[in-house]
Each structure stands twice: as C-alpha cells, then as structure tokens.
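**Q** Sharing a structure here in structure tokens format.
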Amino acid sequence: MIAIIDYGMGNLRSVQKGFEKIGCDAIITADPHVLLTAERIVLPGVGAFRDCMKNLEQGGFVEPILKVISEGRPFLGICVGMQMLFSDSVEFGLHSGLNVIPGHVLRFPDQMTVAGEKLKVPQMGWNQLSFKRRPPVFDGVNDGSNVYFVHSYYVKPTDSSVIATTTDYGFEFCSSVWRDNIIATQFHPEKSQAIGLRILKNFAELT
C-alpha cells in the first residue's frame, strides 16, 4: 500500500492519479496511524514551508514520519514535502523542519539573469536534470530529462553526497536528494508526464 499524506497542503489528487495511471493503488490519508502499516509513504507539499510544517505537526504526522523513515520503508517527498525533510527554511522567517537531512531551504535571489535576461521567481515550468548519483527510482530516466518545477525556494544540503540531481536556474541547485530509503524531488513527478510516471513506477516497485 502506498499512503499519500493528507495534512491539508499539497496536490494530493494529482499525485494519486499519477499512481493510478501506472496501475498502482495509492490512498490519501489524514490518519497518521495509517502510515505505520503502509509499505511506502509519499509526502507532497504545495504552499509555504511554515504552514506545511504547522499542519504536519497539528495532524500528528511528525512522529509516524520519523518512525517509518527510521524503519527503512521507501519514502518520497515532493516539492515542499522535500523541503520539510531539511533542518530549516527561511521562508517567512526562520522555521524548523523535520531535520531528517541536515541542510537549509533558501530563496532564489531576485536578481538572476541568463544572457542578459532576468529570470522569474518562482521558477515555473520545465527544466533539465543533471545526475550526480543515480538512485533506483531514476532507472530509465536520462541525463538532461525535462521535469516540471514550481518553486521559489531550493534546498542546500550540508552533505553534498545526498544530492541525486541538480538543475540550472541562474545557478546549479539541488533538485533531488537520495539517502538510504529516502528519495525527494523539488520538481513534481505527477506533473512531469512520461518521465514523472516512470519515477512514480520505480518508486512503487522499490523493495
């Protein structure tokens, strides 16, 4: 069973539909106890880091999340769901995250240019992946593949060895991480068409 965490923030139905397209059952649950029996966990996220963390805590999800991660079950974080795995974020002040992966969530600079043209913040649209490491969840995904982003903030891990891919948007930033049973993406697999569905399928088949 794949459990998609419903804590009031996130594009839940889109993630569920992504799994449905590849023939995998995934439930959306607001019950933290369900996580304790799920085989795989997905933490999506849309919105402000501060609000997402607040809802996660009030929903009673923090302890179950830390437990299933420590037990080695496959865990997928998406967008803000990736950012919350880190130590803290500077979005609307300094706010603590789950601190599963040491590092910080930072904002893109306002003045970024490429070839003299100003880049917009947030980054919205398609951009390429550059592989630093290749976890099993990226099997069949080529270097340079395009995936879909919507974000103004990016993660900066303390230990660069957890970085799976980077993406260039004014500078090279970390666009996904992999550590043990954790895979997390700044981009949205559920919005990334065939490439994204391949990633979800790989995640669903992890042992």
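In the structure tokens, chains take the letters A, B, ... in the order shown, each chain's residues start at 1, and ligands count up from 1 in the order shown.
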As a PDB file with N, CA and C atoms, in the first residue's frame, please: the residues near Glu39 of chain A (cut-off 9 Å, only C-alpha atoms, same-chain neighbours under 5 positions excluded).

**A**
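Wrote it out as part_36.pdb, contents follow:
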```pdb
ATOM      1  N   MET A   1       0.829  -1.197   0.000  1.00  0.00           N
ATOM      2  CA  MET A   1       0.000   0.000   0.000  1.00  0.00           C
ATOM      3  C   MET A   1       0.867   1.252   0.000  1.00  0.00           C
ATOM      4  N   ILE A   2       0.519   2.203  -0.847  1.00  0.00           N
ATOM      5  CA  ILE A   2       1.189   3.497  -0.883  1.00  0.00           C
ATOM      6  C   ILE A   2       0.268   4.508  -0.193  1.00  0.00           C
ATOM      7  N   ALA A   3       0.778   5.180   0.827  1.00  0.00           N
ATOM      8  CA  ALA A   3      -0.007   6.166   1.566  1.00  0.00           C
ATOM      9  C   ALA A   3       0.478   7.567   1.220  1.00  0.00           C
ATOM     10  N   ARG A  73      11.406   2.121   5.318  1.00  0.00           N
ATOM     11  CA  ARG A  73      10.400   1.998   4.273  1.00  0.00           C
ATOM     12  C   ARG A  73      10.596   3.088   3.215  1.00  0.00           C
ATOM     13  N   PRO A  74      10.339   2.772   1.929  1.00  0.00           N
ATOM     14  CA  PRO A  74      10.514   3.785   0.876  1.00  0.00           C
ATOM     15  C   PRO A  74       9.676   5.034   1.156  1.00  0.00           C
TER      16      PRO A  74
END
```

**Q** May I have all residues of segment 97-150 of chain A that DSSP, computed from the backbone, assigns to strand (DSSP E), given as a PyMOL selection string?

**A** chain A and resi 101-107+113-114+117-118+123-128+130-131+146-150

**Q** Take the residues just selected and output them with N, CA and C atoms as a PDB file, in the first residue's frame.

**A**
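Below is the file that was written, out09.pdb:
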```
ATOM      1  N   ILE A 101      17.322  15.360   7.005  1.00  0.00           N
ATOM      2  CA  ILE A 101      18.511  15.603   6.186  1.00  0.00           C
ATOM      3  C   ILE A 101      19.071  16.971   6.569  1.00  0.00           C
ATOM      4  N   PRO A 102      20.262  17.040   7.141  1.00  0.00           N
ATOM      5  CA  PRO A 102      20.824  18.334   7.533  1.00  0.00           C
ATOM      6  C   PRO A 102      20.991  19.262   6.332  1.00  0.00           C
ATOM      7  N   GLY A 103      20.589  20.496   6.528  1.00  0.00           N
ATOM      8  CA  GLY A 103      20.701  21.491   5.470  1.00  0.00           C
ATOM      9  C   GLY A 103      19.609  22.522   5.583  1.00  0.00           C
ATOM     10  N   HIS A 104      19.581  23.436   4.628  1.00  0.00           N
ATOM     11  CA  HIS A 104      18.700  24.590   4.718  1.00  0.00           C
ATOM     12  C   HIS A 104      17.896  24.778   3.438  1.00  0.00           C
ATOM     13  N   VAL A 105      16.768  25.446   3.589  1.00  0.00           N
ATOM     14  CA  VAL A 105      15.933  25.811   2.445  1.00  0.00           C
ATOM     15  C   VAL A 105      16.078  27.317   2.256  1.00  0.00           C
ATOM     16  N   LEU A 106      16.547  27.716   1.070  1.00  0.00           N
ATOM     17  CA  LEU A 106      16.874  29.113   0.780  1.00  0.00           C
ATOM     18  C   LEU A 106      16.047  29.622  -0.387  1.00  0.00           C
ATOM     19  N   ARG A 107      15.936  30.939  -0.495  1.00  0.00           N
ATOM     20  CA  ARG A 107      15.168  31.542  -1.580  1.00  0.00           C
ATOM     21  C   ARG A 107      16.074  31.863  -2.761  1.00  0.00           C
ATOM     22  N   THR A 113      20.055  36.497 -13.807  1.00  0.00           N
ATOM     23  CA  THR A 113      19.939  36.721 -15.251  1.00  0.00           C
ATOM     24  C   THR A 113      20.659  35.618 -16.021  1.00  0.00           C
ATOM     25  N   VAL A 114      20.163  35.352 -17.209  1.00  0.00           N
ATOM     26  CA  VAL A 114      20.810  34.454 -18.158  1.00  0.00           C
ATOM     27  C   VAL A 114      20.834  35.159 -19.500  1.00  0.00           C
ATOM     28  N   GLU A 117      18.954  38.369 -19.669  1.00  0.00           N
ATOM     29  CA  GLU A 117      17.522  38.367 -19.376  1.00  0.00           C
ATOM     30  C   GLU A 117      17.287  37.935 -17.937  1.00  0.00           C
ATOM     31  N   LYS A 118      16.419  38.681 -17.252  1.00  0.00           N
ATOM     32  CA  LYS A 118      16.122  38.392 -15.858  1.00  0.00           C
ATOM     33  C   LYS A 118      15.283  37.125 -15.745  1.00  0.00           C
ATOM     34  N   GLN A 123      10.433  29.891 -10.151  1.00  0.00           N
ATOM     35  CA  GLN A 123      10.661  29.122 -11.368  1.00  0.00           C
ATOM     36  C   GLN A 123       9.401  28.305 -11.632  1.00  0.00           C
ATOM     37  N   MET A 124       8.805  28.502 -12.791  1.00  0.00           N
ATOM     38  CA  MET A 124       7.599  27.765 -13.158  1.00  0.00           C
ATOM     39  C   MET A 124       7.785  27.196 -14.552  1.00  0.00           C
ATOM     40  N   GLY A 125       7.735  25.880 -14.662  1.00  0.00           N
ATOM     41  CA  GLY A 125       7.844  25.266 -15.971  1.00  0.00           C
ATOM     42  C   GLY A 125       8.866  24.148 -15.999  1.00  0.00           C
ATOM     43  N   TRP A 126       9.267  23.785 -17.214  1.00  0.00           N
ATOM     44  CA  TRP A 126      10.128  22.638 -17.438  1.00  0.00           C
ATOM     45  C   TRP A 126      11.599  23.022 -17.353  1.00  0.00           C
ATOM     46  N   ASN A 127      12.377  22.107 -16.763  1.00  0.00           N
ATOM     47  CA  ASN A 127      13.819  22.310 -16.691  1.00  0.00           C
ATOM     48  C   ASN A 127      14.496  20.943 -16.614  1.00  0.00           C
ATOM     49  N   GLN A 128      15.798  20.927 -16.840  1.00  0.00           N
ATOM     50  CA  GLN A 128      16.510  19.667 -17.012  1.00  0.00           C
ATOM     51  C   GLN A 128      17.159  19.154 -15.727  1.00  0.00           C
ATOM     52  N   SER A 130      20.366  17.043 -14.113  1.00  0.00           N
ATOM     53  CA  SER A 130      21.740  16.612 -14.317  1.00  0.00           C
ATOM     54  C   SER A 130      22.095  15.664 -13.176  1.00  0.00           C
ATOM     55  N   PHE A 131      22.457  14.440 -13.506  1.00  0.00           N
ATOM     56  CA  PHE A 131      22.676  13.425 -12.481  1.00  0.00           C
ATOM     57  C   PHE A 131      24.043  13.542 -11.825  1.00  0.00           C
ATOM     58  N   ASN A 146      13.652  16.473 -18.993  1.00  0.00           N
ATOM     59  CA  ASN A 146      12.907  17.637 -18.522  1.00  0.00           C
ATOM     60  C   ASN A 146      11.802  17.224 -17.560  1.00  0.00           C
ATOM     61  N   VAL A 147      11.705  17.948 -16.452  1.00  0.00           N
ATOM     62  CA  VAL A 147      10.659  17.733 -15.454  1.00  0.00           C
ATOM     63  C   VAL A 147      10.058  19.082 -15.077  1.00  0.00           C
ATOM     64  N   TYR A 148       8.945  19.056 -14.352  1.00  0.00           N
ATOM     65  CA  TYR A 148       8.175  20.274 -14.122  1.00  0.00           C
ATOM     66  C   TYR A 148       8.408  20.826 -12.708  1.00  0.00           C
ATOM     67  N   PHE A 149       8.742  22.110 -12.650  1.00  0.00           N
ATOM     68  CA  PHE A 149       9.019  22.804 -11.389  1.00  0.00           C
ATOM     69  C   PHE A 149       8.022  23.940 -11.152  1.00  0.00           C
ATOM     70  N   VAL A 150       7.702  24.164  -9.869  1.00  0.00           N
ATOM     71  CA  VAL A 150       7.015  25.384  -9.423  1.00  0.00           C
ATOM     72  C   VAL A 150       7.567  25.699  -8.034  1.00  0.00           C
TER      73      VAL A 150
END
```

**Q** I'd like the neighbourhood of segment 56-72 of chain A as a list of chain:residue names, where a residue qualifies if any of its atoms comes within 8 Å (using only C-alpha atoms), though same-chain residues fewer than 4 positions away should be ignored.

**A**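 So the residues in contact are A:Tyr7, A:Ala30, A:Pro32, A:His33, A:Leu35, A:Leu36, A:Cys52, A:Leu98, A:Val100, A:Asp180, A:Asn181, A:Ile182.
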
**Q** Which neighbours of Gly10 of chain A fall inside 6 Å, counting only C-alpha atoms, when residues of the same chain fewer than 2 positions from it are skipped, and could you give them as number ranges by chain?

**A** A: 12, 44-46

**Q** I need the chosen residues saved as a PDB file, in the first residue's frame, with C-alpha atoms.

**A**
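Result went into part34.pdb, see below:
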```pdb
ATOM      1  CA  LEU A  12      -2.940  15.186  -3.359  1.00  0.00           C
ATOM      2  CA  PRO A  44       3.616  16.021  -1.132  1.00  0.00           C
ATOM      3  CA  GLY A  45       3.573  19.739  -0.476  1.00  0.00           C
ATOM      4  CA  VAL A  46       2.308  22.951  -2.007  1.00  0.00           C
TER       5      VAL A  46
END
```

**Q** Which residue gives the smallest distance to Phe203 of chain A among A:Ala184, A:Leu94, A:Ala48, A:Val80, with only C-alpha atoms counted?

**A** A:Ala184

**Q** Could you give me, as a ChimeraX atom specification, the residues within 7 Å of Ile4 of chain A, counting only C-alpha atoms and dropping anything in the same chain fewer than 2 positions from it?

**A** /A:2,6,26-29,41-43

**Q** For Gly93 of chain A, please output as a list in words all residues within 9 Å (counting only C-alpha atoms; exclusion window: fewer than 3 positions along the same chain).

**A**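 In the requested format, the answer is Arg50, Ser89 and Val90 of chain A.
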
**Q** Using atom CA of Glu205 of chain A and atom CA of Leu129 of chain A as the two end points, give the distance in Å to one decimal.

**A** 21.9 Å

**Q** Point out the residue among A:Gly23, A:Gly140, A:Gly8, A:Pro135 with the least atom-to-atom distance to Val162 of chain A, counting only C-alpha atoms.

**A**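 So, comparing all the options, the nearest one is A:Pro135.
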
**Q** Quick one: pull the distance between atom CA of Pro157 of chain A and atom CA of Val177 of chain A, Å, one decimal.

**A**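 It comes out at 8.7 Å.
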
**Q** Which neighbours of Pro109 of chain A fall inside 12 Å, counting only C-alpha atoms, when residues of the same chain fewer than 4 positions from it are skipped, and could you give them as a list of chain:residue names?

**A**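 In the requested form, the answer reads A:Thr113, A:Lys118, A:Leu119, A:Lys120, A:Val121, A:Pro122, A:Gln123, A:Ser152, A:Tyr153, A:Tyr154, A:Tyr169, A:Gly170, A:Phe171.
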
**Q** As a PyMOL selection string, please: every residue in segment 20-177 of chain A that DSSP puts in alpha helix (DSSP H).

**A** chain A and resi 20-21+49-58+62-70+80-83

**Q** One decimal, in Å: what's the spacing between atom CA of Ser160 of chain A and atom CA of Ile199 of chain A?

**A** 22.0 Å

**Q** My list of candidates is A:Lys132, A:Arg179, A:Lys201, A:His95. Which is closest to Lys54 of chain A when distances are computed with only C-alpha atoms?

**A** A:His95

**Q** Could you check the closest approach to Lys156 of chain A for each of A:Gln111, A:Gln193, A:Gln83, A:Ser14 and tell me which residue wins, using only C-alpha atoms?

**A**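 Of A:Gln111, A:Gln193, A:Gln83, A:Ser14, the one nearest Lys156 of chain A is A:Gln83, counting only C-alpha atoms.
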